[in-house]
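S.K.: Can you keep this structure in mind? I'll have questions shortly.
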4 protein chains.
Amino acid sequence: MSSVPAFKRLPRAVREQQMLDAAVKVFSRRGFHAASMDEIAEDAGISKPMVYAYLGTKEELFVACLHREGTRMMQAIAGAAAPDLPADERLWRGLRAFFGFVGAHRDGWAVLYRQARGEQPFAGELATMRARLVEVVAGMLDHALRVEGREIAAIDLEVVAYALVGATESLADWLADHPDADPEKTATRMMNVAWLGAAQLLHGVTWRPPAD
Amino acid sequence: MSSVPAFKRLPRAVREQQMLDAAVKVFSRRGFHAASMDEIAEDAGISKPMVYAYLGTKEELFVACLHREGTRMMQAIAGAAAPDLPADERLWRGLRAFFGFVGAHRDGWAVLYRQARGEQPFAGELATMRARLVEVVAGMLDHALRVEGREIAAIDLEVVAYALVGATESLADWLADHPDADPEKTATRMMNVAWLGAAQLLHGVTWRPPAD
Amino acid sequence: MSSVPAFKRLPRAVREQQMLDAAVKVFSRRGFHAASMDEIAEDAGISKPMVYAYLGTKEELFVACLHREGTRMMQAIAGAAAPDLPADERLWRGLRAFFGFVGAHRDGWAVLYRQARGEQPFAGELATMRARLVEVVAGMLDHALRVEGREIAAIDLEVVAYALVGATESLADWLADHPDADPEKTATRMMNVAWLGAAQLLHGVTWRPPAD
Amino acid sequence: MSSVPAFKRLPRAVREQQMLDAAVKVFSRRGFHAASMDEIAEDAGISKPMVYAYLGTKEELFVACLHREGTRMMQAIAGAAAPDLPADERLWRGLRAFFGFVGAHRDGWAVLYRQARGEQPFAGELATMRARLVEVVAGMLDHALRVEGREIAAIDLEVVAYALVGATESLADWLADHPDADPEKTATRMMNVAWLGAAQLLHGVTWRPPAD
DNA sequence: GATGAATGAGCCTTCATTCAT
DNA sequence: GATGAATGAAGGCTCATTCAT
């Protein structure tokens with residue numbers, strides 16, 4: 001009927017990416033609850049029923065966004081921090097890649113992630129993603145310790161890794177809130193916090209509570 | 001049991017506390033958006049209009065919760081970490097008080113705080129609270145540095161403090177999610193992350209990025 | 001207990017006037033529905049239950065306002081337009097008094113009256129008040145006609161009087177909306193509209209529809 | 001009866017008219033505030049969200065009613081009172097059309113209009129509509145005056161027109177309140193009030209206040 | 001495959017009104 | 001006489017979600 005061929009009848013994969021792009025944009029801008037399916041559909045240039053047909057419920061859609069952005073971030077890090085490098089080098093490259101990614105997608109990953117933390121429905125999803133990160137960091141520490149001939153309890157390892165990840169997330173927030181800040185410099189600062197402490201651990205220095 | 005004539009015509013101050021108790025509980029359990037004023041009112045054993053009359057809008061109510069719990073937490077910390085102690089002692093006592101508080105109010109403070117991070121309307125409120133914390137930590141570091149005859153740029157100080165606060169928040173989350181974990185042990189672990197690194201800084205050791 | 005004697009325990013009549021003053025003010029400013037009993041009570045410096053005890057329901061309160069202001073206005077007119085004056089003189093004095101009153105109470109009578117016209121509950125009350133006015137005007141016309149030895153059907157009299165009252169109300173609105181306008185000049189203009197036509201009627205001139 | 005497939009999936013334009021019909025009915029019957037969106041939706045045979053989707057807020061809906069009915073009325077008048085007729089003929093036809101319209105829509109226009117006068121939010125909308133009417137009437141008078149070789153100050157013209165419009169509105173109210181009254185006869189009466197006075201003006205007769 | 005039309009459900013908020021003190 | 005405390009009831013508005021075309 002219409003004489004305009006337009007961008008209709010695109011292959012499914014392309015459409016899905018368009019929708020995810022729109023969804024990431026709207027979720028970041030408005031937050032999960034304030035975002036409306038109407039706005040997402042409109043921003044994607046598509047009708048609402050299509051969104052439901054392709055990507056399901058609002059929650060499922062948010063999870064899909066989280067997934068895609070999280071995977072991209074993990075790939076950026078993994079591509080930079082080769083497993084065969086020495087621990088400090090690996091940590092540095094990983095952090096640099098991470099902050100570079102966050103800086104380059106200022107309204108993507110970091111914001112979505114921040115949104116997700118508060119909402120119960122995404123607890124599981126988030127736990128998985130953070131667990132992957134913590135595991136990687138803990139693995140690095142463990143590996144470095146073993147090289148030094150040391151070892152610490154798995155739970156201590158996890159908690160320390162958790163703290164480092166937390167510090168990193170916090171600086172990612174800081175970076176997202178300071179549009180003019182330099183990602184690389186932020187990574188350097190994080191190294192100063194993380195590595196100086198970690199290096200001590202590696203050499204067997206630990207802090208113990210006073211007798212009280 | 002109570003000397004109060006059984007749930008009727010209580011003075012305003014008492015009712016406000018009941019409402020805040022209920023609100024903290026419900027907000028923590030459900031999240032800001034999923035929480036309904038109906039449920040909060042019912043949980044407080046009072047009708048909805050009273051909540052509006054005493055504490056205002058849903059947003060205002062949430063902010064009131066944040067305020068009350070945040071103030072309590074700050075007091076717990078301030079009461080423990082006297083300003084005239086040496087830096088490590090102060091840090092240790094502050095952390096111990098903090099994790100003790102979080103552990104004792106596992107579904108109060110930490111969860112509210114987590115909620116607030118994702119929702120735009122509370123950004124300002126939160127920024128203020130975190131700024132207070134960051135300032136305290138940065139002040140401690142700065143003081144310790146000066147004692148050692150050193151000094152670092154204010155922005156570096158801020159970012160490092162920010163990272164430490166982030167690591168601490170992260171462990172607070174971890175603690176809130178692990179009901180059986182020991183607050184004191186968590187504080188010790190945080191000290192190991194924070195102090196070992198900080199002590200290095202105090203002695204003038206810094207990490208610098210490789211030539212690349 | 002209190003050492004302040006203040007303005008408490010005033011005689012009932014005084015209190016009622018205070019309340020009515022406040023009510024007129026608030027109703028005028030906000031409109032009947034948008035006005036809240038809270039605001040009225042607060043503005044009267046009295047607690048809400050007192051308002052209910054003295055003046056009853058919100059509707060009753062509004063009617064009371066209407067009554068008081070309407071009576072004042074009628075008195076102002078009646079005091080000016082003595083029944084033994086010739087018709088044109090009487091009309092002129094009446095109009096002058098009316099517009100003078102409206103101009104002097106710009107947010108009293110005219111506004112209340114305007115509010116009341118739209119709300120069903122006050123239809124009866126309003127009908128009564130307007131009927132009084134219409135009756136007065138119709139009486140004046142009838143009297144003048146009889147003096148001239150003429151007579152017209154009661155219903156025609158009523159409708160013409162109704163139209164004159166409507167024109168007057170309309171100019172009262174106009175006056176209320178033009179704070180700088182001069183009440184006396186407005187009265188003169190109304191006379192030009194009303195009396196020129198009426199005088200014709202008095203001399204037996206009437207307009208009839210064309211054959212069509 | 002109707003060719004429409006029985007109340008389901010109607011095109012937007014149709015539904016909008018149904019909604020406006022229902023809204024006019026309910027607003028007239030209950031008044032703006034007492035009318036509930038629920039009742040309007042139910043009366044239109046449709047769910048509430050549709051009303052919001054198509055016609056917006058309650059206020060916007062009321063304005064839409066005002067617009068539609070006002071436009072219809074203006075068209076009825078404009079269709080009857082051709083601009084090239086002599087002034088008295090034009091006035092007569094305009095009034096006849098107006099009262100005919102009011103009589104035919106006894107619970108439409110006049111009642112809505114009456115509601116709108118009391119409510120602040122619609123002041124602007126109303127001012128515009130009345131200004132149009134006043135302008136037309138003033139234009140007619142001015143034109144007739146010029147034909148007679150006379151002229152009066154613009155503000156006097158406006159105020160007189162305002163008074164005539166007010167008188168007309170008042171009789172429209174009267175007509176709406178008297179279901180058995182004859183619109184044409186009402187128009188004739190209005191002519192007797194308006195034209196006899198206006199004709200005097202046209203011949204240079206004016207009334208002036210006594211020396212006092 | 002694609003969409004305009006449609007809705008059930010629910011939430012925040014407000015208000016007139018009344019007890020119990 | 002006077003008031004702080006308390007509420008039942010309702011209303012506007014929005015949204016995720018799904019038919020019917």
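Ordering of the structure tokens sets the chain letters (A, B, ...); residue numbers start at 1 within each chain; ligands are numbered from 1 in the order shown.
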Mind listing as a list in words which residues of chain F are within 12 Å of chain A, counting only C-alpha atoms (C1' of nucleotides)?

M.R.: DT14, DC15, DA16, DT17, DT18 and DC19 of chain F

S.K.: With all heavy atoms kept, could you save the residues just selected as a compact mmCIF listing (two decimals), in the first residue's frame?

M.R.:
# COMPACT_ATOMS: atom_id res chain seq x y z
P DT F 14 -0.97 10.79 34.00
OP1 DT F 14 0.08 11.78 33.81
OP2 DT F 14 -2.03 10.62 32.99
O5' DT F 14 -0.28 9.38 34.21
C5' DT F 14 -0.05 8.95 35.54
C4' DT F 14 0.55 7.54 35.51
O4' DT F 14 -0.47 6.59 35.88
C3' DT F 14 1.07 7.10 34.15
O3' DT F 14 2.33 6.48 34.35
C2' DT F 14 0.00 6.14 33.64
C1' DT F 14 -0.54 5.55 34.94
N1 DT F 14 -1.96 5.12 34.88
C2 DT F 14 -2.33 3.93 35.46
O2 DT F 14 -1.55 3.18 36.02
N3 DT F 14 -3.68 3.63 35.36
C4 DT F 14 -4.65 4.40 34.75
O4 DT F 14 -5.81 4.04 34.72
C5 DT F 14 -4.19 5.64 34.18
C7 DT F 14 -5.16 6.54 33.50
C6 DT F 14 -2.88 5.94 34.27
P DC F 15 3.18 6.10 33.12
OP1 DC F 15 4.51 6.64 33.36
OP2 DC F 15 2.44 6.40 31.87
O5' DC F 15 3.26 4.52 33.28
C5' DC F 15 2.88 3.95 34.53
C4' DC F 15 2.84 2.45 34.39
O4' DC F 15 1.47 2.03 34.44
C3' DC F 15 3.41 1.94 33.06
O3' DC F 15 4.20 0.80 33.29
C2' DC F 15 2.17 1.64 32.24
C1' DC F 15 1.15 1.25 33.32
N1 DC F 15 -0.24 1.58 32.90
C2 DC F 15 -1.29 0.73 33.24
O2 DC F 15 -1.05 -0.28 33.89
N3 DC F 15 -2.54 1.04 32.81
C4 DC F 15 -2.73 2.15 32.10
N4 DC F 15 -3.98 2.42 31.70
C5 DC F 15 -1.68 3.03 31.75
C6 DC F 15 -0.44 2.71 32.16
P DA F 16 5.21 0.34 32.20
OP1 DA F 16 6.57 0.51 32.73
OP2 DA F 16 4.84 0.93 30.90
O5' DA F 16 4.88 -1.21 32.19
C5' DA F 16 4.91 -1.92 33.42
C4' DA F 16 4.01 -3.13 33.36
O4' DA F 16 2.66 -2.72 33.06
C3' DA F 16 4.40 -4.15 32.29
O3' DA F 16 4.20 -5.45 32.82
C2' DA F 16 3.46 -3.82 31.13
C1' DA F 16 2.22 -3.32 31.86
N9 DA F 16 1.47 -2.29 31.13
C8 DA F 16 1.98 -1.17 30.53
N7 DA F 16 1.09 -0.41 29.96
C5 DA F 16 -0.10 -1.07 30.19
C6 DA F 16 -1.43 -0.77 29.84
N6 DA F 16 -1.79 0.32 29.14
N1 DA F 16 -2.39 -1.63 30.22
C2 DA F 16 -2.04 -2.72 30.93
N3 DA F 16 -0.82 -3.11 31.33
C4 DA F 16 0.11 -2.23 30.92
P DT F 17 4.66 -6.65 31.94
OP1 DT F 17 4.94 -7.77 32.89
OP2 DT F 17 5.71 -6.22 31.01
O5' DT F 17 3.35 -7.01 31.11
C5' DT F 17 2.15 -7.24 31.83
C4' DT F 17 0.97 -7.34 30.88
O4' DT F 17 0.58 -6.02 30.40
C3' DT F 17 1.17 -8.18 29.63
O3' DT F 17 0.27 -9.29 29.68
C2' DT F 17 0.86 -7.24 28.47
C1' DT F 17 -0.02 -6.20 29.14
N1 DT F 17 -0.08 -4.90 28.44
C2 DT F 17 -1.31 -4.42 28.06
O2 DT F 17 -2.36 -5.02 28.29
N3 DT F 17 -1.29 -3.22 27.41
C4 DT F 17 -0.17 -2.45 27.10
O4 DT F 17 -0.29 -1.39 26.51
C5 DT F 17 1.08 -3.02 27.52
C7 DT F 17 2.36 -2.28 27.24
C6 DT F 17 1.07 -4.18 28.16
P DT F 18 0.40 -10.42 28.64
OP1 DT F 18 0.10 -11.65 29.40
OP2 DT F 18 1.63 -10.29 27.85
O5' DT F 18 -0.86 -10.11 27.69
C5' DT F 18 -2.16 -10.37 28.17
C4' DT F 18 -3.16 -9.77 27.20
O4' DT F 18 -2.76 -8.44 26.82
C3' DT F 18 -3.32 -10.54 25.88
O3' DT F 18 -4.69 -10.76 25.69
C2' DT F 18 -2.78 -9.57 24.83
C1' DT F 18 -3.11 -8.24 25.47
N1 DT F 18 -2.37 -7.08 24.95
C2 DT F 18 -3.07 -6.06 24.37
O2 DT F 18 -4.28 -6.07 24.24
N3 DT F 18 -2.30 -5.00 23.92
C4 DT F 18 -0.92 -4.89 24.02
O4 DT F 18 -0.34 -3.90 23.59
C5 DT F 18 -0.25 -6.00 24.65
C7 DT F 18 1.22 -5.97 24.81
C6 DT F 18 -1.00 -7.02 25.09
P DC F 19 -5.09 -12.31 25.43
OP1 DC F 19 -5.51 -12.85 26.70
OP2 DC F 19 -4.02 -12.94 24.59
O5' DC F 19 -6.38 -12.14 24.51
C5' DC F 19 -6.19 -11.45 23.30
C4' DC F 19 -7.35 -10.50 23.09
O4' DC F 19 -6.84 -9.17 23.04
C3' DC F 19 -8.03 -10.76 21.78
O3' DC F 19 -9.35 -10.30 21.80
C2' DC F 19 -7.18 -9.91 20.83
C1' DC F 19 -6.81 -8.72 21.70
N1 DC F 19 -5.44 -8.17 21.41
C2 DC F 19 -5.31 -6.95 20.76
O2 DC F 19 -6.32 -6.33 20.42
N3 DC F 19 -4.06 -6.46 20.51
C4 DC F 19 -3.00 -7.15 20.90
N4 DC F 19 -1.79 -6.64 20.64
C5 DC F 19 -3.12 -8.40 21.58
C6 DC F 19 -4.34 -8.88 21.81

S.K.: With chain D laid on chain C by least squares, using all C-alpha atoms in order, how large is the RMSD?

M.R.: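 My reading of the C-alpha RMSD is 2.6 Å.
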
S.K.: Please check the contacts: residues of chain C at most 6 Å away from chain D, using only C-alpha atoms, listed as a PDB file with C-alpha atoms, in the first residue's frame.

M.R.:
ATOM      1  CA  ARG C 114     -19.666  33.452  40.468  1.00  0.00           C
ATOM      2  CA  GLN C 115     -18.510  30.307  42.265  1.00  0.00           C
ATOM      3  CA  GLY C 118     -21.766  26.402  38.708  1.00  0.00           C
ATOM      4  CA  ALA C 163     -31.837  40.234  31.380  1.00  0.00           C
ATOM      5  CA  GLY C 166     -27.709  39.430  33.938  1.00  0.00           C
ATOM      6  CA  ALA C 167     -26.179  42.431  32.248  1.00  0.00           C
ATOM      7  CA  SER C 170     -21.792  40.595  33.748  1.00  0.00           C
ATOM      8  CA  LEU C 171     -20.482  44.088  34.276  1.00  0.00           C
ATOM      9  CA  ASN C 192     -26.964  53.614  29.220  1.00  0.00           C
ATOM     10  CA  VAL C 193     -27.703  50.048  28.374  1.00  0.00           C
ATOM     11  CA  LEU C 196     -32.383  53.764  27.236  1.00  0.00           C
ATOM     12  CA  GLY C 197     -34.093  50.493  26.489  1.00  0.00           C
ATOM     13  CA  TRP C 207     -39.645  45.659  18.918  1.00  0.00           C
TER      14      TRP C 207
END

S.K.: What lies within 9 Å of Ala87 of chain D using only C-alpha atoms (C1' of nucleotides), ignoring chain neighbours under 2 positions off, as a list in words?

M.R.: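 My reading of the contact set: Pro83, Asp84, Leu85, Glu89, Arg90, Leu91, Trp92, Met140, Leu141, His143 and Ala144 of chain D.
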
S.K.: For chain E, list the residues within 8 Å of chain A, counting only C-alpha atoms (C1' of nucleotides), and write the list as a list in words.

M.R.: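 In the required form, that comes to DG1, DA2 and DT3 of chain E.
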
S.K.: Check the DSSP output for the backbone and give back, as a ChimeraX atom specification, the residues of segment 3-212 of chain B in alpha helix (DSSP H).

M.R.: /B:12-30,37-44,48-55,58-80,87-104,109-118,123-147,154-177,183-202

S.K.: Excluding same-chain residues fewer than 6 positions from segment 65-77 of chain D, what lies within 8 Å of it counting only C-alpha atoms (C1' of nucleotides), as a list in words?

M.R.: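 The neighbour list is Leu20, Ala23, Val24, Arg93, Gly94, Leu95, Ala97, Phe98, Phe101, Gly108, Trp109, Leu112, Tyr113 and Met129 of chain D.
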
S.K.: Those residues you just picked out, can you put them in a file as an mmCIF file, in the first residue's frame with N, CA, C and O atoms?

M.R.:
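Saved result, again_15.cif, follows:
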data_model
loop_
_atom_site.group_PDB
_atom_site.id
_atom_site.type_symbol
_atom_site.label_atom_id
_atom_site.label_comp_id
_atom_site.auth_asym_id
_atom_site.auth_seq_id
_atom_site.Cartn_x
_atom_site.Cartn_y
_atom_site.Cartn_z
ATOM 1 N N LEU D 20 -16.693 12.551 24.289
ATOM 2 C CA LEU D 20 -17.095 13.941 24.479
ATOM 3 C C LEU D 20 -18.586 14.025 24.781
ATOM 4 O O LEU D 20 -19.006 14.808 25.648
ATOM 5 N N ALA D 23 -18.928 13.064 28.318
ATOM 6 C CA ALA D 23 -18.347 14.067 29.211
ATOM 7 C C ALA D 23 -19.270 15.272 29.333
ATOM 8 O O ALA D 23 -19.519 15.768 30.446
ATOM 9 N N VAL D 24 -19.772 15.742 28.216
ATOM 10 C CA VAL D 24 -20.683 16.884 28.265
ATOM 11 C C VAL D 24 -21.874 16.555 29.157
ATOM 12 O O VAL D 24 -22.277 17.347 30.017
ATOM 13 N N ARG D 93 -31.329 37.750 13.959
ATOM 14 C CA ARG D 93 -31.047 36.378 13.505
ATOM 15 C C ARG D 93 -30.012 35.687 14.403
ATOM 16 O O ARG D 93 -30.106 34.508 14.697
ATOM 17 N N GLY D 94 -29.013 36.485 14.803
ATOM 18 C CA GLY D 94 -27.991 35.912 15.691
ATOM 19 C C GLY D 94 -28.615 35.445 17.004
ATOM 20 O O GLY D 94 -28.375 34.328 17.458
ATOM 21 N N LEU D 95 -29.428 36.308 17.588
ATOM 22 C CA LEU D 95 -30.045 35.943 18.867
ATOM 23 C C LEU D 95 -30.965 34.740 18.707
ATOM 24 O O LEU D 95 -30.973 33.832 19.544
ATOM 25 N N ALA D 97 -30.773 32.392 16.518
ATOM 26 C CA ALA D 97 -29.947 31.188 16.376
ATOM 27 C C ALA D 97 -29.374 30.779 17.723
ATOM 28 O O ALA D 97 -29.366 29.597 18.090
ATOM 29 N N PHE D 98 -28.916 31.755 18.471
ATOM 30 C CA PHE D 98 -28.306 31.446 19.764
ATOM 31 C C PHE D 98 -29.296 30.778 20.705
ATOM 32 O O PHE D 98 -29.039 29.699 21.247
ATOM 33 N N PHE D 101 -30.184 27.395 19.629
ATOM 34 C CA PHE D 101 -29.136 26.412 19.962
ATOM 35 C C PHE D 101 -29.204 26.040 21.428
ATOM 36 O O PHE D 101 -29.204 24.853 21.790
ATOM 37 N N GLY D 108 -26.409 21.060 27.506
ATOM 38 C CA GLY D 108 -25.064 21.068 26.949
ATOM 39 C C GLY D 108 -24.401 22.390 27.199
ATOM 40 O O GLY D 108 -23.956 22.689 28.311
ATOM 41 N N TRP D 109 -24.426 23.190 26.210
ATOM 42 C CA TRP D 109 -23.663 24.419 26.231
ATOM 43 C C TRP D 109 -23.887 25.301 27.452
ATOM 44 O O TRP D 109 -22.944 25.598 28.199
ATOM 45 N N LEU D 112 -22.477 23.830 30.693
ATOM 46 C CA LEU D 112 -21.018 23.799 30.701
ATOM 47 C C LEU D 112 -20.458 25.193 30.932
ATOM 48 O O LEU D 112 -19.554 25.411 31.724
ATOM 49 N N TYR D 113 -21.000 26.103 30.186
ATOM 50 C CA TYR D 113 -20.534 27.476 30.247
ATOM 51 C C TYR D 113 -20.673 28.016 31.659
ATOM 52 O O TYR D 113 -19.779 28.639 32.204
ATOM 53 N N MET D 129 -13.372 32.795 24.595
ATOM 54 C CA MET D 129 -14.655 32.587 23.928
ATOM 55 C C MET D 129 -15.548 33.813 24.062
ATOM 56 O O MET D 129 -16.165 34.259 23.088
#

S.K.: Which residue gives the smallest distance to Ile152 of chain B among B:Gly204, B:Gly56, B:Gly79, B:Pro86, with only C-alpha atoms counted?

M.R.: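 Of all the options, B:Gly204 lies closest to Ile152 of chain B.
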
S.K.: So, counting only C-alpha atoms (C1' of nucleotides), which residue among D:Gln18, D:Glu59, D:Leu202, D:His178 is closest to DG12 of chain F?

M.R.: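 Looking only at the distances to DG12 of chain F, the closest residue turns out to be D:Glu59.
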
S.K.: In Å, how far is it from atom CA of His203 of chain A to atom CA of Arg96 of chain B?

M.R.: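 Computing the Euclidean distance for atom CA of His203 of chain A and atom CA of Arg96 of chain B yields 25.3 Å.
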